[in-house]
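Heads up, model.cif below (mmCIF, C-alpha atoms and all ligand atoms):
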```
data_work
loop_
_atom_site.label_atom_id
_atom_site.label_comp_id
_atom_site.auth_asym_id
_atom_site.auth_seq_id
_atom_site.Cartn_x
_atom_site.Cartn_y
_atom_site.Cartn_z
CA MET A 1 12.67 25.89 -8.24
CA SER A 2 14.34 27.83 -5.45
CA ASP A 3 17.39 29.93 -4.73
CA TRP A 4 18.64 27.40 -2.20
CA SER A 5 21.38 25.10 -3.37
CA ILE A 6 19.69 22.46 -1.20
CA PRO A 7 16.03 23.21 -0.39
CA LEU A 8 14.16 21.83 2.60
CA SER A 9 11.92 19.71 0.39
CA ASP A 10 11.44 19.03 -3.29
CA LEU A 11 8.82 17.36 -5.46
CA ASP A 12 9.24 14.06 -7.24
CA TYR A 13 7.25 15.13 -10.28
CA GLY A 14 7.82 13.90 -13.82
CA PRO A 15 6.17 12.81 -17.08
CA GLU A 16 3.48 10.82 -15.20
CA GLU A 17 2.14 13.92 -13.48
CA GLU A 18 2.32 15.94 -16.71
CA ALA A 19 0.38 13.27 -18.61
CA ALA A 20 -2.21 13.06 -15.85
CA ALA A 21 -2.79 16.82 -15.92
CA VAL A 22 -3.21 16.78 -19.72
CA ARG A 23 -5.63 13.85 -19.47
CA VAL A 24 -7.85 15.82 -17.11
CA LEU A 25 -7.71 19.01 -19.18
CA ARG A 26 -8.69 17.12 -22.31
CA GLY A 27 -11.49 15.35 -20.47
CA LYS A 28 -13.05 18.75 -19.67
CA TRP A 29 -14.42 17.74 -16.28
CA LEU A 30 -12.62 19.71 -13.61
CA SER A 31 -14.55 19.45 -10.37
CA MET A 32 -15.04 16.30 -8.32
CA GLY A 33 -15.53 13.37 -10.74
CA PRO A 34 -13.91 10.13 -11.93
CA GLU A 35 -10.33 11.05 -10.95
CA VAL A 36 -11.41 11.92 -7.41
CA GLN A 37 -13.40 8.70 -7.14
CA ALA A 38 -10.46 6.63 -8.40
CA PHE A 39 -8.04 8.45 -6.10
CA GLU A 40 -10.25 7.79 -3.09
CA GLU A 41 -10.62 4.14 -3.99
CA GLU A 42 -6.87 3.66 -4.58
CA PHE A 43 -5.95 5.53 -1.39
CA ARG A 44 -8.50 3.54 0.63
CA THR A 45 -7.18 0.23 -0.66
CA GLN A 46 -3.49 1.10 -0.37
CA LEU A 47 -3.87 2.35 3.19
CA GLY A 48 -6.29 -0.36 4.27
CA VAL A 49 -9.07 1.93 5.56
CA LYS A 50 -12.77 1.43 5.01
CA HIS A 51 -13.69 4.94 3.82
CA ALA A 52 -11.59 7.74 2.29
CA PHE A 53 -12.86 11.13 1.13
CA ALA A 54 -10.68 13.53 -0.82
CA VAL A 55 -10.81 17.07 0.49
CA ALA A 56 -9.40 20.52 -0.28
CA ASN A 57 -6.56 20.29 2.26
CA GLY A 58 -5.47 18.73 5.54
CA THR A 59 -7.02 21.52 7.60
CA ALA A 60 -10.41 20.83 5.99
CA ALA A 61 -9.93 17.14 6.89
CA LEU A 62 -9.43 18.09 10.55
CA HIS A 63 -12.41 20.46 10.50
CA LEU A 64 -14.63 17.75 9.01
CA ALA A 65 -13.38 15.24 11.58
CA TYR A 66 -14.43 17.50 14.46
CA LEU A 67 -17.77 18.30 12.82
CA ALA A 68 -18.59 14.67 12.05
CA LEU A 69 -17.77 13.72 15.64
CA GLY A 70 -20.15 16.44 16.82
CA LEU A 71 -17.57 18.46 18.77
CA THR A 72 -19.10 21.74 19.90
CA PRO A 73 -18.49 24.69 22.28
CA GLY A 74 -17.67 23.55 25.78
CA ASP A 75 -15.99 20.36 24.58
CA GLU A 76 -12.30 19.93 25.29
CA ILE A 77 -9.95 18.41 22.72
CA VAL A 78 -6.64 17.18 24.15
CA GLN A 79 -3.87 17.59 21.59
CA PRO A 80 -0.09 17.89 21.34
CA ALA A 81 1.55 21.28 21.98
CA ILE A 82 4.11 20.44 19.31
CA ASN A 83 2.08 20.33 16.11
CA PHE A 84 1.23 22.36 13.05
CA VAL A 85 -1.37 24.93 14.12
CA ALA A 86 -4.22 23.51 12.02
CA ALA A 87 -5.58 21.03 14.60
CA ALA A 88 -5.75 23.79 17.21
CA ASN A 89 -7.19 26.38 14.82
CA MET A 90 -9.96 24.00 13.79
CA THR A 91 -10.65 23.32 17.47
CA ALA A 92 -11.32 27.05 17.84
CA ALA A 93 -13.33 27.00 14.60
CA VAL A 94 -15.88 24.60 16.09
CA GLY A 95 -15.87 26.61 19.33
CA ALA A 96 -14.23 23.83 21.34
CA THR A 97 -11.31 24.28 23.74
CA PRO A 98 -7.83 23.02 22.85
CA VAL A 99 -6.09 21.45 25.84
CA PHE A 100 -2.39 21.19 25.13
CA ALA A 101 -0.43 18.13 26.21
CA ASP A 102 3.33 17.86 26.52
CA ILE A 103 5.44 15.58 24.36
CA ILE A 104 7.11 12.42 25.67
CA GLY A 105 10.66 13.74 25.42
CA LEU A 106 13.21 15.45 23.20
CA ASP A 107 13.99 12.11 21.59
CA GLU A 108 10.30 11.25 21.08
CA PRO A 109 8.33 14.44 20.37
CA THR A 110 4.86 12.87 20.14
CA ILE A 111 2.01 13.36 22.61
CA ALA A 112 2.67 11.74 26.00
CA PRO A 113 -0.04 9.20 26.99
CA ALA A 114 0.47 10.13 30.67
CA GLU A 115 -0.28 13.75 29.78
CA ILE A 116 -3.52 12.79 28.04
CA GLN A 117 -4.53 10.91 31.16
CA ARG A 118 -3.66 13.86 33.40
CA LEU A 119 -5.62 16.37 31.30
CA ILE A 120 -8.90 14.46 30.97
CA THR A 121 -11.86 16.27 32.58
CA PRO A 122 -15.62 15.62 32.39
CA ARG A 123 -15.66 17.98 29.38
CA THR A 124 -13.00 16.09 27.40
CA LYS A 125 -14.58 14.67 24.24
CA ALA A 126 -11.68 13.89 21.95
CA VAL A 127 -7.94 13.37 21.64
CA VAL A 128 -5.83 14.38 18.65
CA VAL A 129 -2.53 12.64 18.03
CA MET A 130 0.01 13.72 15.42
CA HIS A 131 2.46 11.19 14.01
CA TYR A 132 5.39 13.60 14.09
CA GLY A 133 7.64 13.36 11.06
CA GLY A 134 5.92 10.10 10.20
CA SER A 135 6.96 8.44 13.46
CA LEU A 136 3.99 6.80 15.08
CA CYS A 137 2.56 7.92 18.40
CA ARG A 138 2.23 5.37 21.23
CA MET A 139 -0.97 4.06 19.71
CA ASP A 140 -1.44 0.94 21.86
CA GLU A 141 -1.58 3.01 25.03
CA ILE A 142 -3.53 5.87 23.47
CA THR A 143 -6.20 3.74 21.79
CA ALA A 144 -6.69 1.78 25.02
CA LEU A 145 -6.99 5.01 27.02
CA CYS A 146 -9.51 6.54 24.60
CA ARG A 147 -11.59 3.36 24.56
CA GLN A 148 -11.56 3.15 28.35
CA ARG A 149 -12.58 6.80 28.82
CA GLY A 150 -15.03 6.91 25.89
CA LEU A 151 -13.08 9.57 23.97
CA ALA A 152 -13.03 10.05 20.22
CA LEU A 153 -9.58 9.66 18.66
CA ILE A 154 -8.47 11.75 15.70
CA GLU A 155 -5.18 11.11 13.94
CA ASP A 156 -3.44 14.06 12.34
CA ALA A 157 -1.60 11.82 9.89
CA CYS A 158 -0.41 14.67 7.65
CA HIS A 159 3.20 13.48 8.03
CA ALA A 160 2.32 9.82 7.95
CA VAL A 161 0.79 8.85 4.64
CA GLY A 162 1.79 5.22 4.19
CA ALA A 163 3.29 4.84 7.69
CA GLY A 164 1.90 1.56 8.95
CA ARG A 165 -1.71 1.87 10.05
CA ALA A 166 -1.48 5.65 10.48
CA GLY A 167 -4.93 7.12 9.97
CA GLY A 168 -6.58 3.75 10.60
CA TRP A 169 -6.40 3.49 14.40
CA GLY A 170 -8.59 6.40 15.35
CA ASP A 171 -12.19 7.27 14.62
CA VAL A 172 -10.97 9.63 11.89
CA GLY A 173 -7.64 10.00 10.07
CA CYS A 174 -6.59 13.30 8.45
CA PHE A 175 -4.03 13.65 5.65
CA SER A 176 -2.54 16.61 3.79
CA PHE A 177 -1.17 16.70 0.25
CA PHE A 178 0.39 20.16 0.53
CA SER A 179 3.44 20.67 -1.70
CA ASN A 180 6.02 19.61 0.88
CA LYS A 181 4.23 16.46 2.08
CA ASN A 182 5.17 12.88 1.19
CA LEU A 183 2.26 12.74 -1.26
CA ALA A 184 2.07 16.19 -2.84
CA THR A 185 -0.65 17.72 -5.02
CA GLY A 186 -0.12 21.40 -4.17
CA GLU A 187 -3.23 21.68 -2.04
CA GLY A 188 -5.30 18.65 -1.13
CA GLY A 189 -6.05 16.15 1.57
CA MET A 190 -7.95 13.04 2.58
CA VAL A 191 -10.17 12.22 5.52
CA THR A 192 -10.52 8.53 6.42
CA THR A 193 -12.61 6.44 8.78
CA ASN A 194 -13.49 2.83 9.48
CA ARG A 195 -16.86 3.86 10.93
CA ASP A 196 -19.84 3.76 8.55
CA ASP A 197 -21.82 6.28 10.61
CA LEU A 198 -19.05 8.89 10.39
CA ALA A 199 -18.41 8.16 6.71
CA GLU A 200 -21.81 9.38 5.59
CA LYS A 201 -21.44 12.58 7.64
CA LEU A 202 -17.97 13.26 6.29
CA ARG A 203 -19.17 12.73 2.73
CA ARG A 204 -22.05 15.17 3.07
CA LEU A 205 -20.24 17.79 5.16
CA ARG A 206 -17.58 17.94 2.45
CA SER A 207 -20.08 19.08 -0.15
CA HIS A 208 -22.70 21.47 1.27
CA GLY A 209 -24.54 18.75 3.20
CA MET A 210 -26.02 17.60 -0.11
CA SER A 211 -27.30 14.08 -0.64
CA SER A 212 -26.01 13.73 -4.23
CA LEU A 213 -22.99 15.04 -6.17
CA THR A 214 -22.88 17.20 -9.29
CA TRP A 215 -21.02 14.34 -10.96
CA ASP A 216 -23.82 11.86 -10.18
CA ARG A 217 -26.38 14.26 -11.60
CA HIS A 218 -24.19 14.88 -14.65
CA ARG A 219 -24.17 11.14 -15.34
CA GLY A 220 -27.93 10.94 -14.82
CA HIS A 221 -27.54 8.90 -11.64
CA ALA A 222 -29.48 11.48 -9.67
CA SER A 223 -31.69 14.33 -10.69
CA SER A 224 -32.23 16.17 -7.46
CA TYR A 225 -30.80 16.45 -3.99
CA ASP A 226 -31.73 17.28 -0.45
CA VAL A 227 -29.56 19.17 2.04
CA THR A 228 -29.53 17.12 5.21
CA LEU A 229 -27.03 19.13 7.28
CA HIS A 230 -25.11 22.40 7.10
CA GLY A 231 -22.05 21.53 5.08
CA TYR A 232 -19.08 23.15 3.43
CA ASN A 233 -17.35 23.10 0.09
CA TYR A 234 -14.20 21.18 0.94
CA ARG A 235 -14.02 19.21 -2.32
CA LEU A 236 -10.85 18.27 -4.20
CA ASP A 237 -10.74 18.89 -7.96
CA GLU A 238 -9.93 16.48 -10.79
CA LEU A 239 -6.50 17.93 -11.61
CA ARG A 240 -5.21 17.47 -8.09
CA ALA A 241 -6.80 14.04 -7.76
CA ALA A 242 -5.04 12.94 -10.96
CA LEU A 243 -1.72 14.20 -9.55
CA GLY A 244 -2.48 12.42 -6.30
CA ARG A 245 -2.98 9.11 -8.12
CA CYS A 246 0.48 9.42 -9.70
CA GLN A 247 2.03 10.31 -6.36
CA LEU A 248 0.26 7.41 -4.68
CA ARG A 249 1.92 5.00 -7.11
CA LYS A 250 5.32 6.42 -6.15
CA LEU A 251 4.57 6.56 -2.44
CA ALA A 252 6.02 3.25 -1.25
CA ARG A 253 9.24 3.76 -3.19
CA ASN A 254 9.61 7.37 -2.10
CA ASN A 255 8.84 6.59 1.53
CA ALA A 256 11.48 3.86 1.48
CA ARG A 257 13.99 6.29 -0.01
CA ARG A 258 13.19 8.87 2.69
CA GLY A 259 13.76 6.16 5.28
CA GLU A 260 17.19 5.30 3.85
CA LEU A 261 18.23 8.94 3.75
CA ARG A 262 17.03 9.52 7.29
CA ARG A 263 19.00 6.52 8.56
CA ARG A 264 22.09 7.92 6.86
CA TYR A 265 21.55 11.25 8.65
CA HIS A 266 21.03 9.43 11.95
CA ARG A 267 24.23 7.43 11.58
CA ALA A 268 26.26 10.46 10.53
CA LEU A 269 24.93 12.75 13.27
CA ALA A 270 25.03 10.30 16.16
CA GLU A 271 27.15 11.05 19.22
CA MET A 272 27.50 14.81 18.95
CA PRO A 273 27.72 15.82 22.62
CA GLY A 274 24.55 17.57 23.81
CA TRP A 275 22.65 16.96 20.57
CA VAL A 276 19.59 14.69 20.31
CA THR A 277 18.41 12.89 17.16
CA PRO A 278 14.71 12.18 17.77
CA PHE A 279 13.43 8.72 16.85
CA ALA A 280 16.92 7.51 15.86
CA ALA A 281 16.57 4.52 18.19
CA GLN A 282 13.17 3.52 16.82
CA PRO A 283 12.28 1.37 13.84
CA ASP A 284 11.70 3.04 10.47
CA PRO A 285 8.33 4.76 10.77
CA GLY A 286 7.37 3.96 7.18
CA SER A 287 7.01 7.52 5.90
CA ALA A 288 10.04 9.46 7.30
CA HIS A 289 8.55 12.85 6.53
CA LEU A 290 11.02 14.97 8.52
CA MET A 291 14.64 14.83 9.59
CA VAL A 292 14.94 16.75 12.85
CA LEU A 293 17.78 17.41 15.21
CA VAL A 294 17.67 18.97 18.69
CA ALA A 295 20.50 21.33 19.67
CA PRO A 296 21.96 21.56 23.18
CA ASP A 297 20.59 25.13 23.42
CA PRO A 298 18.81 27.75 21.23
CA ALA A 299 22.04 29.63 20.47
CA ARG A 300 23.70 26.52 19.11
CA ARG A 301 20.70 25.83 16.91
CA GLN A 302 20.93 29.35 15.53
CA ARG A 303 24.62 28.95 14.85
CA VAL A 304 24.07 25.74 12.85
CA ALA A 305 21.07 27.20 10.98
CA ASP A 306 23.06 30.32 10.05
CA HIS A 307 26.04 28.25 8.90
CA LEU A 308 23.78 26.11 6.71
CA ARG A 309 21.95 29.15 5.32
CA ALA A 310 25.27 30.77 4.36
CA ALA A 311 26.08 27.59 2.40
CA GLY A 312 22.69 27.70 0.62
CA VAL A 313 21.06 24.97 2.69
CA GLN A 314 17.48 25.65 3.78
CA THR A 315 16.35 24.57 7.25
CA SER A 316 13.14 25.00 9.21
CA LEU A 317 11.60 24.45 12.65
CA HIS A 318 8.86 21.88 13.25
CA TYR A 319 7.24 23.34 15.29
CA PRO A 320 6.85 26.31 17.58
CA CYS A 321 4.83 25.43 20.68
CA VAL A 322 1.21 26.02 19.53
CA PRO A 323 -0.18 27.64 22.74
CA ASP A 324 2.67 30.19 22.63
CA PHE A 325 1.22 31.75 19.47
CA ALA A 326 -0.59 35.05 20.19
CA ALA A 327 -3.99 33.73 19.09
CA PHE A 328 -3.84 30.95 21.70
CA GLU A 329 -3.15 33.11 24.71
CA ARG A 330 -6.45 32.26 26.36
CA PHE A 331 -5.68 28.54 26.03
CA ARG A 332 -2.07 28.82 27.19
CA PRO A 333 -1.10 26.55 30.06
CA THR A 334 2.01 26.76 32.21
CA GLY A 335 4.36 23.81 32.21
CA LEU A 336 4.82 22.05 28.87
CA ASP A 337 8.52 22.04 29.76
CA CYS A 338 9.49 19.46 27.21
CA SER A 339 7.51 21.01 24.35
CA ARG A 340 8.92 24.47 25.05
CA ALA A 341 12.49 23.18 25.27
CA TYR A 342 11.94 21.23 22.05
CA ALA A 343 10.50 24.22 20.18
CA SER A 344 13.46 26.39 21.19
CA ARG A 345 16.07 23.87 20.10
CA VAL A 346 14.71 21.82 17.18
CA LEU A 347 16.08 22.16 13.65
CA THR A 348 14.61 20.54 10.53
CA LEU A 349 17.04 19.47 7.81
CA PRO A 350 16.38 18.88 4.11
CA LEU A 351 14.77 15.50 3.41
CA TYR A 352 13.05 14.40 0.21
CA PRO A 353 13.26 11.32 -2.00
CA THR A 354 15.38 12.99 -4.68
CA LEU A 355 17.91 14.42 -2.19
CA ALA A 356 21.36 13.35 -3.43
CA VAL A 357 23.50 11.41 -0.98
CA GLU A 358 26.41 13.78 -1.71
CA ASP A 359 24.21 16.72 -0.71
CA LEU A 360 23.18 14.96 2.49
CA ASP A 361 26.83 14.29 3.30
CA ARG A 362 27.66 17.94 2.64
CA ILE A 363 24.94 19.03 5.08
CA VAL A 364 26.35 16.69 7.72
CA THR A 365 29.87 18.08 7.22
CA LEU A 366 28.59 21.65 7.55
CA ILE A 367 26.73 20.79 10.76
CA ARG A 368 29.72 19.08 12.29
CA GLN A 369 31.87 22.15 11.59
CA VAL A 370 29.93 24.27 14.09
CA ALA A 371 27.80 21.91 16.19
CA VAL A 372 30.33 21.30 18.93
CA ASP A 373 33.38 23.20 20.14
C1 LIG B 401 0.44 20.15 6.65
C2 LIG B 401 -0.14 19.84 7.96
C3 LIG B 401 -1.48 20.17 8.28
C4 LIG B 401 -2.37 21.01 7.41
O1 LIG B 401 -2.50 20.58 6.11
P1 LIG B 401 -2.89 21.61 4.94
O2 LIG B 401 -3.11 20.71 3.78
O3 LIG B 401 -1.75 22.53 4.76
O4 LIG B 401 -4.14 22.30 5.36
C5 LIG B 401 -1.98 19.76 9.50
N1 LIG B 401 -1.21 19.08 10.38
C6 LIG B 401 0.06 18.76 10.11
C7 LIG B 401 0.85 17.97 11.11
C8 LIG B 401 0.64 19.15 8.91
O5 LIG B 401 1.92 18.86 8.67
#
```
As C-alpha cells:
Amino acid sequence: MSDWSIPLSDLDYGPEEEAAAVRVLRGKWLSMGPEVQAFEEEFRTQLGVKHAFAVANGTAALHLAYLALGLTPGDEIVQPAINFVAAANMTAAVGATPVFADIIGLDEPTIAPAEIQRLITPRTKAVVVMHYGGSLCRMDEITALCRQRGLALIEDACHAVGAGRAGGWGDVGCFSFFSNKNLATGEGGMVTTNRDDLAEKLRRLRSHGMSSLTWDRHRGHASSYDVTLHGYNYRLDELRAALGRCQLRKLARNNARRGELRRRYHRALAEMPGWVTPFAAQPDPGSAHLMVLVAPDPARRQRVADHLRAAGVQTSLHYPCVPDFAAFERFRPTGLDCSRAYASRVLTLPLYPTLAVEDLDRIVTLIRQVAVD
C-alpha cells in the first residue's frame, strides 16, 4: 500500500503466497529446511544452472561470490559505474579495489566491453557485469575476454531473474528477491554457479563454514559438524523460501507481462526530440525489470519527474554513478562521461506486472505534456 496513485513497483501477491506462509507456520520449522531445499531445486531447474543456494539477500550473494572466488586485498574488480551500490560495497568489504567502467551508451547502459579491456591491469582478478533492467550485457564479447585474460566473471543478475541465461554465463550468478524485484520475497536472494568447486565453498560460506546443516542434524542425517572455513550466516528462512516458490511459478507469466508493458511504453514514448529510450531497439530481454527514459538534460528530467509526482505517479533514478558517492572517493576515476551523463538524466517509470494499461497510458500522456516544448 502506498500514497501514490501509481507506485513505482507493486507486488503480485495473492492467495498462493498466503497459503504458503500458513503452511510454513503450521509446520513449525522456520530456519533453512525443506522449503529452502525445494526453492533451490526449483530455481536451479527453471533457470538451467547446476547449483543454486538461497541466501539472505542479493548483497550476500555478491559477497559470497567474491569470497568463494578468493578475491582479497590488492585484487581489482572491474565493474560498471552505473549499478546498485552493492557490488562495489562488497568489493570494499573483501578489501579489493573497485575499478569503475563506463557504460556503452545512453541507449545501452550496460558495461562496455572495450572499457573492461582498457582497465585490465596485472592486478585485475574479476569482472562484474550487471544486466541492467533485465537487458543482457554483451555476454559473447565479455565471456570471451574474461576467458582470454583468465578473469573470473560475476553476474549481478538482480534485475534479470528468468532473462535468458542470465546468471549462467559467469563463474557465479547473483540474484535478489527484494520487494521490488521481479521475484519478490521481501528480503532474499540466490547465488548460482555451474562450477562444482565453487558450489561447495558457497554452500559452506553461507552457513558459518559448517560441514552440515541444522536441518540435516534435525532429521538425523548428521550428528556433528566441522568448520572448514570462516563463514557467515547468510541463510534464507522457510517463510521467504515458500513465498519464493510461489513467485517462481508466476515468474514466466509476470516477466512476459512486464515485457508487453515495456514495449507499450517504448512505442508510446518513441520519437520525442532529445529523449532516449534505452534498449528500445533490442529484443525483449526476458525479464524487463525496469522502464527507463533518458532526458535531453537534467532540468528536463526534473520537470517531468515533478509533473508526474504532482499527479501521484512515483518515479526513481537507476542509478547514480557509484564512484560519485562519498564513500567511493578514493576509487573515483575521471572520465566515465557516458555514465555521468546517464546518471544525471535517467528517469525510471512505474513498471510491474499488475500495472493497468490505462495507468501506463496516463503516465505517457503526462510525460508528453512537459517533455518537449
Ligand atoms: C537489488 C539489487 C542488489 C542488492 O540486492 P539486495 O537483495 O537488496 O541486497 C544488487 N544489485 C542490483 C543490480 C540490485 O538491483
I'd like the interatomic distance between atom CA of Asn194 of chain A and atom CA of Gly33 of chain A, to a tenth of an Å.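 Computing it gives 22.9 Å between the two atoms.
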Could you give me the residues within 6 Å of ligand LIG 401 (chain B), counting all atoms listed in the file, as number ranges by chain? A: 57-59, 83-84, 86, 156, 158-159, 176-178, 187-189
Please list as a PyMOL selection string every residue within 8 Å of segment 362-371 of chain A, counting only C-alpha atoms and excluding residues in the same chain fewer than 3 positions away. chain A and resi 265+268-269+272+300+303-304+307-308+313+358-359
Output of the above residues as a PDB file, in the frame of the given file, restricted to C-alpha atoms:
```pdb
ATOM      1  CA  TYR A 265      21.550  11.250   8.650  1.00  0.00           C
ATOM      2  CA  ALA A 268      26.260  10.460  10.530  1.00  0.00           C
ATOM      3  CA  LEU A 269      24.930  12.750  13.270  1.00  0.00           C
ATOM      4  CA  MET A 272      27.500  14.810  18.950  1.00  0.00           C
ATOM      5  CA  ARG A 300      23.700  26.520  19.110  1.00  0.00           C
ATOM      6  CA  ARG A 303      24.620  28.950  14.850  1.00  0.00           C
ATOM      7  CA  VAL A 304      24.070  25.740  12.850  1.00  0.00           C
ATOM      8  CA  HIS A 307      26.040  28.250   8.900  1.00  0.00           C
ATOM      9  CA  LEU A 308      23.780  26.110   6.710  1.00  0.00           C
ATOM     10  CA  VAL A 313      21.060  24.970   2.690  1.00  0.00           C
ATOM     11  CA  GLU A 358      26.410  13.780  -1.710  1.00  0.00           C
ATOM     12  CA  ASP A 359      24.210  16.720  -0.710  1.00  0.00           C
TER      13      ASP A 359
END
```
Find the residues near Pro278 of chain A: any atom within 7 Å, counting all atoms listed in the file, skip ones fewer than 6 places away on the same chain, and give them as a VMD selection string. chain A and resid 106 to 108 292 to 293
I need every residue sitting at most 6 Å from the point (-12.7, 3.6, 3.9) (coordinates as in the file, only C-alpha atoms considered), written as number ranges by chain. A: 44, 49-52, 192-194
Please determine, counting only C-alpha atoms, which residue among A:Ser339, A:Ser212, A:Thr354, A:Ser207 has the shortest atom-to-atom distance to Leu64 of chain A. A:Ser207
Which residues are near segment 323-331 of chain A? Cut-off 8 Å, only C-alpha atoms, ignore same chain within fewer than 6 positions. Put them as a PDB file with C-alpha atoms, in the coordinates of the input.
```pdb
ATOM      1  CA  ALA A  81       1.550  21.280  21.980  1.00  0.00           C
ATOM      2  CA  THR A  97     -11.310  24.280  23.740  1.00  0.00           C
ATOM      3  CA  PRO A  98      -7.830  23.020  22.850  1.00  0.00           C
ATOM      4  CA  VAL A  99      -6.090  21.450  25.840  1.00  0.00           C
ATOM      5  CA  PHE A 100      -2.390  21.190  25.130  1.00  0.00           C
TER       6      PHE A 100
END
```
